[in-house]
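**Q** Questions regarding the structure given below will be posed in turn.
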Amino acid sequence: MQENTASLVEHLTELRKRLIWVIVVLVLAMIGGFFAAKPIIVYLMHSEPASSIVTLNTFSPWDAIRLYMQFSFAIGLVVTLPFALTQIWLFVKPGLMEHEQKATLRYIPGAVFLFLLGLAFAYFVIFPMAFYFTSNVTQSLSLTETYGAAQYFTFMFNILLPMAILFELPVVVMFLTKLRVLNPTRLKKLRRYAYLVLIIIATVVTPPDFISDILVAVPMIVLYEISIMLSARVYKGQLERDKQWLEETEAEESA
């Protein structure tokens with residue numbers, strides 16, 4: 001009991017240290033992002049759909065600071081992501097076999113790529129659809145469109161960040177399969193519930209029309225199916241290694 005308690009304390013201490021390092025890197029990246037935010041804000045303000053607006057306004061003296069903070073956090077998050085994933089890998093590394101350590105380390109570039117792909121998909125596909133839909137509803141009520149810059153970009157980030165996180169699904173599933181937490185059989189059993197959750201998410205983050213929901217739900221469902229295939233591939237390799245290890249163990253015992 002004492003050994004287990006001591007081991008748990010050591011793991012929690014190590015986890016705390018790694019979280020502290022992630023927070024430190026995030027803060028430093030946010031500081032750098034604060035200075036890099038202005039050209040990005042200016043570029044996005046002169047790109048669609050913002051460029052279709054006559055002007056973006058501020059409704060509070062703090063709105064400009066709020067914009068800088070939003071973008072510095074977003075930039076810091078993107079910069080910190082590879083470091084945070086590496087820290088997670090280092091934390092679970094001692095519990096993995098050598099071949100599992102090498103395999104899971106390869107997930108980090110894939111996770112970063114999928115995160116950026118999710119940001120791009122959300123910005124170029126979902127966000128314009130959501131913005132133009134709400135704009136059309138506003139015009140149908142003969143209301144004057146007066147947009148606040150902080151509100152506009154908050155609306156944008158509320159769509160971009162959740163979608164970027166959802167695009168991490170294949171890597172997360174592969175990683176959990178590698179840790180033997182998930183397997184393809186379990187994922188297939190959960191398929192109907194996963195589809196329901198994904199469709200609900202697609203309905204929430206998109207305008208309330210059928211086409212927009214389909215355009216978002218279908219890629220998310222495809223991601224889930226890709227996750228099942230990747231999980232099956234990892235699981236098959238695990239079964240083969242387990243079989244080989246069992247045969248070697250039996251051969252040693254018989255010898």
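By convention here, the chains of the structure tokens are called A, B, ... in the order presented, each chain's residues are numbered starting at 1, and ligands are numbered starting at 1 in the order presented.
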Might you pull out every residue within 10 Å of Thr80 (chain A), with only C-alpha atoms counted and same-chain residues fewer than 3 positions away left off, and present them as a short mmCIF file (atom, residue, chain, number, x, y, z; two decimals) with all heavy atoms, in the first residue's frame?
**A**
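Below is the file selection_24.cif, written as the result:
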```
data_model
loop_
_atom_site.label_atom_id
_atom_site.label_comp_id
_atom_site.auth_asym_id
_atom_site.auth_seq_id
_atom_site.Cartn_x
_atom_site.Cartn_y
_atom_site.Cartn_z
N VAL A 22 4.36 23.28 -19.44
CA VAL A 22 3.44 23.61 -20.53
C VAL A 22 2.85 25.00 -20.33
O VAL A 22 2.76 25.80 -21.28
CB VAL A 22 2.31 22.55 -20.62
CG1 VAL A 22 1.23 23.01 -21.60
CG2 VAL A 22 2.87 21.21 -21.06
N ILE A 23 2.46 25.32 -19.10
CA ILE A 23 1.91 26.64 -18.81
C ILE A 23 2.95 27.73 -19.05
O ILE A 23 2.64 28.80 -19.61
CB ILE A 23 1.38 26.69 -17.36
CG1 ILE A 23 0.18 25.76 -17.21
CG2 ILE A 23 1.00 28.12 -16.97
CD1 ILE A 23 -0.30 25.60 -15.78
N VAL A 24 4.20 27.47 -18.64
CA VAL A 24 5.27 28.45 -18.85
C VAL A 24 5.48 28.71 -20.33
O VAL A 24 5.58 29.87 -20.78
CB VAL A 24 6.59 27.95 -18.20
CG1 VAL A 24 7.77 28.82 -18.63
CG2 VAL A 24 6.46 27.96 -16.68
N VAL A 25 5.54 27.64 -21.13
CA VAL A 25 5.72 27.79 -22.57
C VAL A 25 4.53 28.52 -23.19
O VAL A 25 4.69 29.37 -24.08
CB VAL A 25 5.94 26.42 -23.24
CG1 VAL A 25 5.94 26.54 -24.76
CG2 VAL A 25 7.25 25.81 -22.77
N LEU A 26 3.33 28.19 -22.72
CA LEU A 26 2.12 28.85 -23.23
C LEU A 26 2.16 30.35 -22.95
O LEU A 26 1.85 31.17 -23.82
CB LEU A 26 0.87 28.24 -22.61
CG LEU A 26 -0.47 28.88 -22.99
CD1 LEU A 26 -0.71 28.79 -24.49
CD2 LEU A 26 -1.62 28.23 -22.23
N VAL A 27 2.56 30.72 -21.74
CA VAL A 27 2.64 32.14 -21.37
C VAL A 27 3.67 32.86 -22.24
O VAL A 27 3.42 33.97 -22.75
CB VAL A 27 2.98 32.29 -19.87
CG1 VAL A 27 3.28 33.75 -19.54
CG2 VAL A 27 1.82 31.79 -19.01
N LEU A 28 4.85 32.24 -22.42
CA LEU A 28 5.88 32.85 -23.25
C LEU A 28 5.42 32.97 -24.71
O LEU A 28 5.67 34.00 -25.36
CB LEU A 28 7.17 32.01 -23.18
CG LEU A 28 7.89 31.99 -21.83
CD1 LEU A 28 9.08 31.03 -21.87
CD2 LEU A 28 8.34 33.39 -21.43
N ALA A 29 4.73 31.93 -25.19
CA ALA A 29 4.22 31.98 -26.56
C ALA A 29 3.13 33.04 -26.71
O ALA A 29 3.04 33.71 -27.75
CB ALA A 29 3.66 30.60 -26.96
N MET A 30 2.32 33.22 -25.67
CA MET A 30 1.30 34.27 -25.70
C MET A 30 1.93 35.65 -25.71
O MET A 30 1.42 36.56 -26.38
CB MET A 30 0.36 34.12 -24.50
CG MET A 30 -0.60 32.96 -24.60
SD MET A 30 -1.67 32.81 -23.14
CE MET A 30 -2.58 34.37 -23.23
N ALA A 74 -4.58 32.39 -29.10
CA ALA A 74 -4.67 31.46 -30.23
C ALA A 74 -3.29 31.13 -30.79
O ALA A 74 -2.97 29.97 -31.06
CB ALA A 74 -5.55 32.06 -31.32
N ILE A 75 -2.45 32.14 -30.94
CA ILE A 75 -1.09 31.92 -31.43
C ILE A 75 -0.30 31.09 -30.43
O ILE A 75 0.41 30.15 -30.80
CB ILE A 75 -0.39 33.26 -31.70
CG1 ILE A 75 -1.09 34.01 -32.84
CG2 ILE A 75 1.09 33.05 -32.03
CD1 ILE A 75 -0.63 35.44 -33.02
N GLY A 76 -0.43 31.43 -29.16
CA GLY A 76 0.27 30.68 -28.13
C GLY A 76 -0.17 29.23 -28.08
O GLY A 76 0.66 28.32 -27.87
N LEU A 77 -1.45 28.98 -28.30
CA LEU A 77 -1.96 27.61 -28.29
C LEU A 77 -1.36 26.80 -29.42
O LEU A 77 -0.95 25.64 -29.22
CB LEU A 77 -3.49 27.64 -28.41
CG LEU A 77 -4.22 26.30 -28.27
CD1 LEU A 77 -4.02 25.72 -26.89
CD2 LEU A 77 -5.72 26.48 -28.56
N PHE A 83 4.82 21.14 -28.06
CA PHE A 83 5.51 20.96 -26.77
C PHE A 83 4.62 20.23 -25.78
O PHE A 83 5.08 19.33 -25.06
CB PHE A 83 5.92 22.33 -26.21
CG PHE A 83 6.62 22.25 -24.89
CD1 PHE A 83 7.95 21.90 -24.81
CD2 PHE A 83 5.93 22.53 -23.71
CE1 PHE A 83 8.60 21.82 -23.58
CE2 PHE A 83 6.57 22.44 -22.48
CZ PHE A 83 7.91 22.09 -22.42
N ALA A 84 3.33 20.60 -25.73
CA ALA A 84 2.40 19.95 -24.80
C ALA A 84 2.23 18.48 -25.14
O ALA A 84 2.22 17.61 -24.24
CB ALA A 84 1.05 20.66 -24.84
N LEU A 85 2.12 18.16 -26.42
CA LEU A 85 2.00 16.76 -26.83
C LEU A 85 3.26 15.97 -26.49
O LEU A 85 3.18 14.80 -26.09
CB LEU A 85 1.72 16.68 -28.34
CG LEU A 85 0.37 17.23 -28.79
CD1 LEU A 85 0.29 17.24 -30.31
CD2 LEU A 85 -0.78 16.42 -28.22
N THR A 86 4.42 16.60 -26.64
CA THR A 86 5.67 15.95 -26.28
C THR A 86 5.73 15.66 -24.78
O THR A 86 6.19 14.59 -24.36
CB THR A 86 6.87 16.83 -26.68
OG1 THR A 86 6.82 17.10 -28.08
CG2 THR A 86 8.19 16.13 -26.35
#
```
**Q** Which residues, written as a ChimeraX atom specification, have at least one atom at most 12 Å from Ile40 (chain A), with only C-alpha atoms counted and residues fewer than 6 positions away on the same chain left out?
**A** /A:33-34,46-47,67-68,70-72,74-75,153
**Q** Name the closest residue to Arg192 (chain A) among the candidates A:Phe35, A:Phe121, A:Phe131, A:Tyr224; distances are taken between atoms, counting only C-alpha atoms.
**A**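 Under the stated criterion, the closest residue is A:Tyr224.
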**Q** Quick one: residues within 7 Å of Leu114 (chain A), only C-alpha atoms, excluding same-chain residues fewer than 4 positions away - as JSON, numbers by chain?
**A** {"A": [110, 118, 167, 168]}
**Q** Enumerate, in order of chain and increasing residue number, the residues of region 70-164 of chain A with an atom no farther than 7 Å from region 170-188 of chain A, each with its shortest atom pair and distance in Å to one decimal, counting only C-alpha atoms, as a Markdown table.
**A**
```
| residue | atom | partner | partner_atom | distance |
| --- | --- | --- | --- | --- |
| A:Thr104 | CA | A:Phe175 | CA | 6.5 |
| A:Tyr107 | CA | A:Val171 | CA | 6.4 |
| A:Ala111 | CA | A:Val171 | CA | 5.9 |
```
**Q** Taking the DSSP secondary structure from the backbone, can you list the residues of region 24-248 of chain A that are helix (DSSP H, G or I), as a VMD selection string?
**A** chain A and resid 24 to 45 50 to 52 63 to 95 98 to 105 107 to 140 149 to 166 169 to 178 184 to 189 191 to 205 210 to 248
**Q** Go through region 26-224 of chain A and collect every residue that DSSP, computed from the backbone, puts in strand (DSSP E); the answer should be as a ChimeraX atom specification.
**A** /A:56-57,147-148
**Q** Grab the CA of Gly237 (chain A) to CA of Pro94 (chain A) distance for me, in Å with one decimal place.
**A**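 So the answer is 20.2 Å.
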**Q** Please list as a CSV table (one decimal) with all heavy atoms, in the first residue's frame every residue within 7 Å of Gly148 (chain A), counting only C-alpha atoms and excluding residues in the same chain fewer than 4 positions away.
**A**
```
chain,number,residue,atom,x,y,z
A,56,LEU,N,-15.6,47.6,-38.9
A,56,LEU,CA,-15.7,46.9,-37.6
A,56,LEU,C,-15.5,48.0,-36.5
A,56,LEU,O,-14.7,48.8,-36.6
A,56,LEU,CB,-14.7,45.8,-37.5
A,56,LEU,CG,-14.9,44.6,-38.3
A,56,LEU,CD1,-13.7,43.6,-38.1
A,56,LEU,CD2,-16.2,43.8,-37.9
A,57,ASN,N,-16.4,47.9,-35.5
A,57,ASN,CA,-16.4,48.9,-34.5
A,57,ASN,C,-15.9,48.4,-33.2
A,57,ASN,O,-15.8,47.2,-33.0
A,57,ASN,CB,-17.8,49.5,-34.3
A,57,ASN,CG,-18.4,50.0,-35.6
A,57,ASN,OD1,-18.2,51.1,-36.0
A,57,ASN,ND2,-19.1,49.2,-36.4
A,58,THR,N,-15.6,49.3,-32.3
A,58,THR,CA,-15.3,48.9,-30.9
A,58,THR,C,-16.4,49.6,-30.0
A,58,THR,O,-16.8,50.7,-30.2
A,58,THR,CB,-13.9,49.4,-30.4
A,58,THR,OG1,-13.8,50.9,-30.6
A,58,THR,CG2,-12.8,48.8,-31.3
A,59,PHE,N,-16.9,48.8,-29.0
A,59,PHE,CA,-17.9,49.3,-28.2
A,59,PHE,C,-17.4,49.5,-26.7
A,59,PHE,O,-18.2,49.8,-25.8
A,59,PHE,CB,-19.1,48.4,-28.2
A,59,PHE,CG,-19.7,48.2,-29.5
A,59,PHE,CD1,-19.8,46.9,-30.1
A,59,PHE,CD2,-20.1,49.2,-30.3
A,59,PHE,CE1,-20.4,46.7,-31.4
A,59,PHE,CE2,-20.6,49.1,-31.6
A,59,PHE,CZ,-20.8,47.8,-32.1
A,152,TYR,N,-17.0,40.0,-33.4
A,152,TYR,CA,-16.8,39.3,-34.6
A,152,TYR,C,-15.8,38.2,-34.5
A,152,TYR,O,-16.0,37.1,-34.9
A,152,TYR,CB,-16.4,40.3,-35.7
A,152,TYR,CG,-15.9,39.7,-37.0
A,152,TYR,CD1,-16.9,39.3,-38.0
A,152,TYR,CD2,-14.6,39.4,-37.3
A,152,TYR,CE1,-16.5,38.7,-39.2
A,152,TYR,CE2,-14.2,38.8,-38.5
A,152,TYR,CZ,-15.1,38.5,-39.4
A,152,TYR,OH,-14.7,37.9,-40.6
```
**Q** Name all residues at most 10 Å from Pro82 (chain A) (count only C-alpha atoms; drop same-chain ones fewer than 5 positions away) and give them as an MDAnalysis selection string.
**A** chainID A and resid 77 87:88 108:109 111:112
**Q** Store the residues picked out above, limited to N, CA and C atoms, as a PDB file, in the first residue's frame.
**A**
```pdb
ATOM      1  N   LEU A  77      -1.451  28.983 -28.303  1.00  0.00           N
ATOM      2  CA  LEU A  77      -1.964  27.611 -28.294  1.00  0.00           C
ATOM      3  C   LEU A  77      -1.364  26.799 -29.423  1.00  0.00           C
ATOM      4  N   GLN A  87       5.243  16.593 -23.978  1.00  0.00           N
ATOM      5  CA  GLN A  87       5.225  16.392 -22.530  1.00  0.00           C
ATOM      6  C   GLN A  87       4.287  15.243 -22.146  1.00  0.00           C
ATOM      7  N   ILE A  88       3.153  15.144 -22.829  1.00  0.00           N
ATOM      8  CA  ILE A  88       2.245  14.021 -22.578  1.00  0.00           C
ATOM      9  C   ILE A  88       2.926  12.700 -22.923  1.00  0.00           C
ATOM     10  N   ILE A 108       2.846  12.874 -32.812  1.00  0.00           N
ATOM     11  CA  ILE A 108       2.905  14.305 -32.521  1.00  0.00           C
ATOM     12  C   ILE A 108       2.826  15.152 -33.795  1.00  0.00           C
ATOM     13  N   PRO A 109       3.641  14.894 -34.833  1.00  0.00           N
ATOM     14  CA  PRO A 109       3.492  15.682 -36.068  1.00  0.00           C
ATOM     15  C   PRO A 109       2.099  15.550 -36.677  1.00  0.00           C
ATOM     16  N   ALA A 111      -0.714  15.000 -35.082  1.00  0.00           N
ATOM     17  CA  ALA A 111      -1.669  15.758 -34.268  1.00  0.00           C
ATOM     18  C   ALA A 111      -1.602  17.246 -34.592  1.00  0.00           C
ATOM     19  N   VAL A 112      -0.379  17.757 -34.766  1.00  0.00           N
ATOM     20  CA  VAL A 112      -0.217  19.179 -35.120  1.00  0.00           C
ATOM     21  C   VAL A 112      -0.825  19.454 -36.493  1.00  0.00           C
TER      22      VAL A 112
END
```
**Q** With only C-alpha atoms as the basis for distance, which of A:Ala103, A:Val79, A:Met45, A:Met163 is at the shortest distance from Val234 (chain A)?
**A**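 Between A:Ala103, A:Val79, A:Met45, A:Met163, the residue approaching Val234 (chain A) most closely is A:Ala103.
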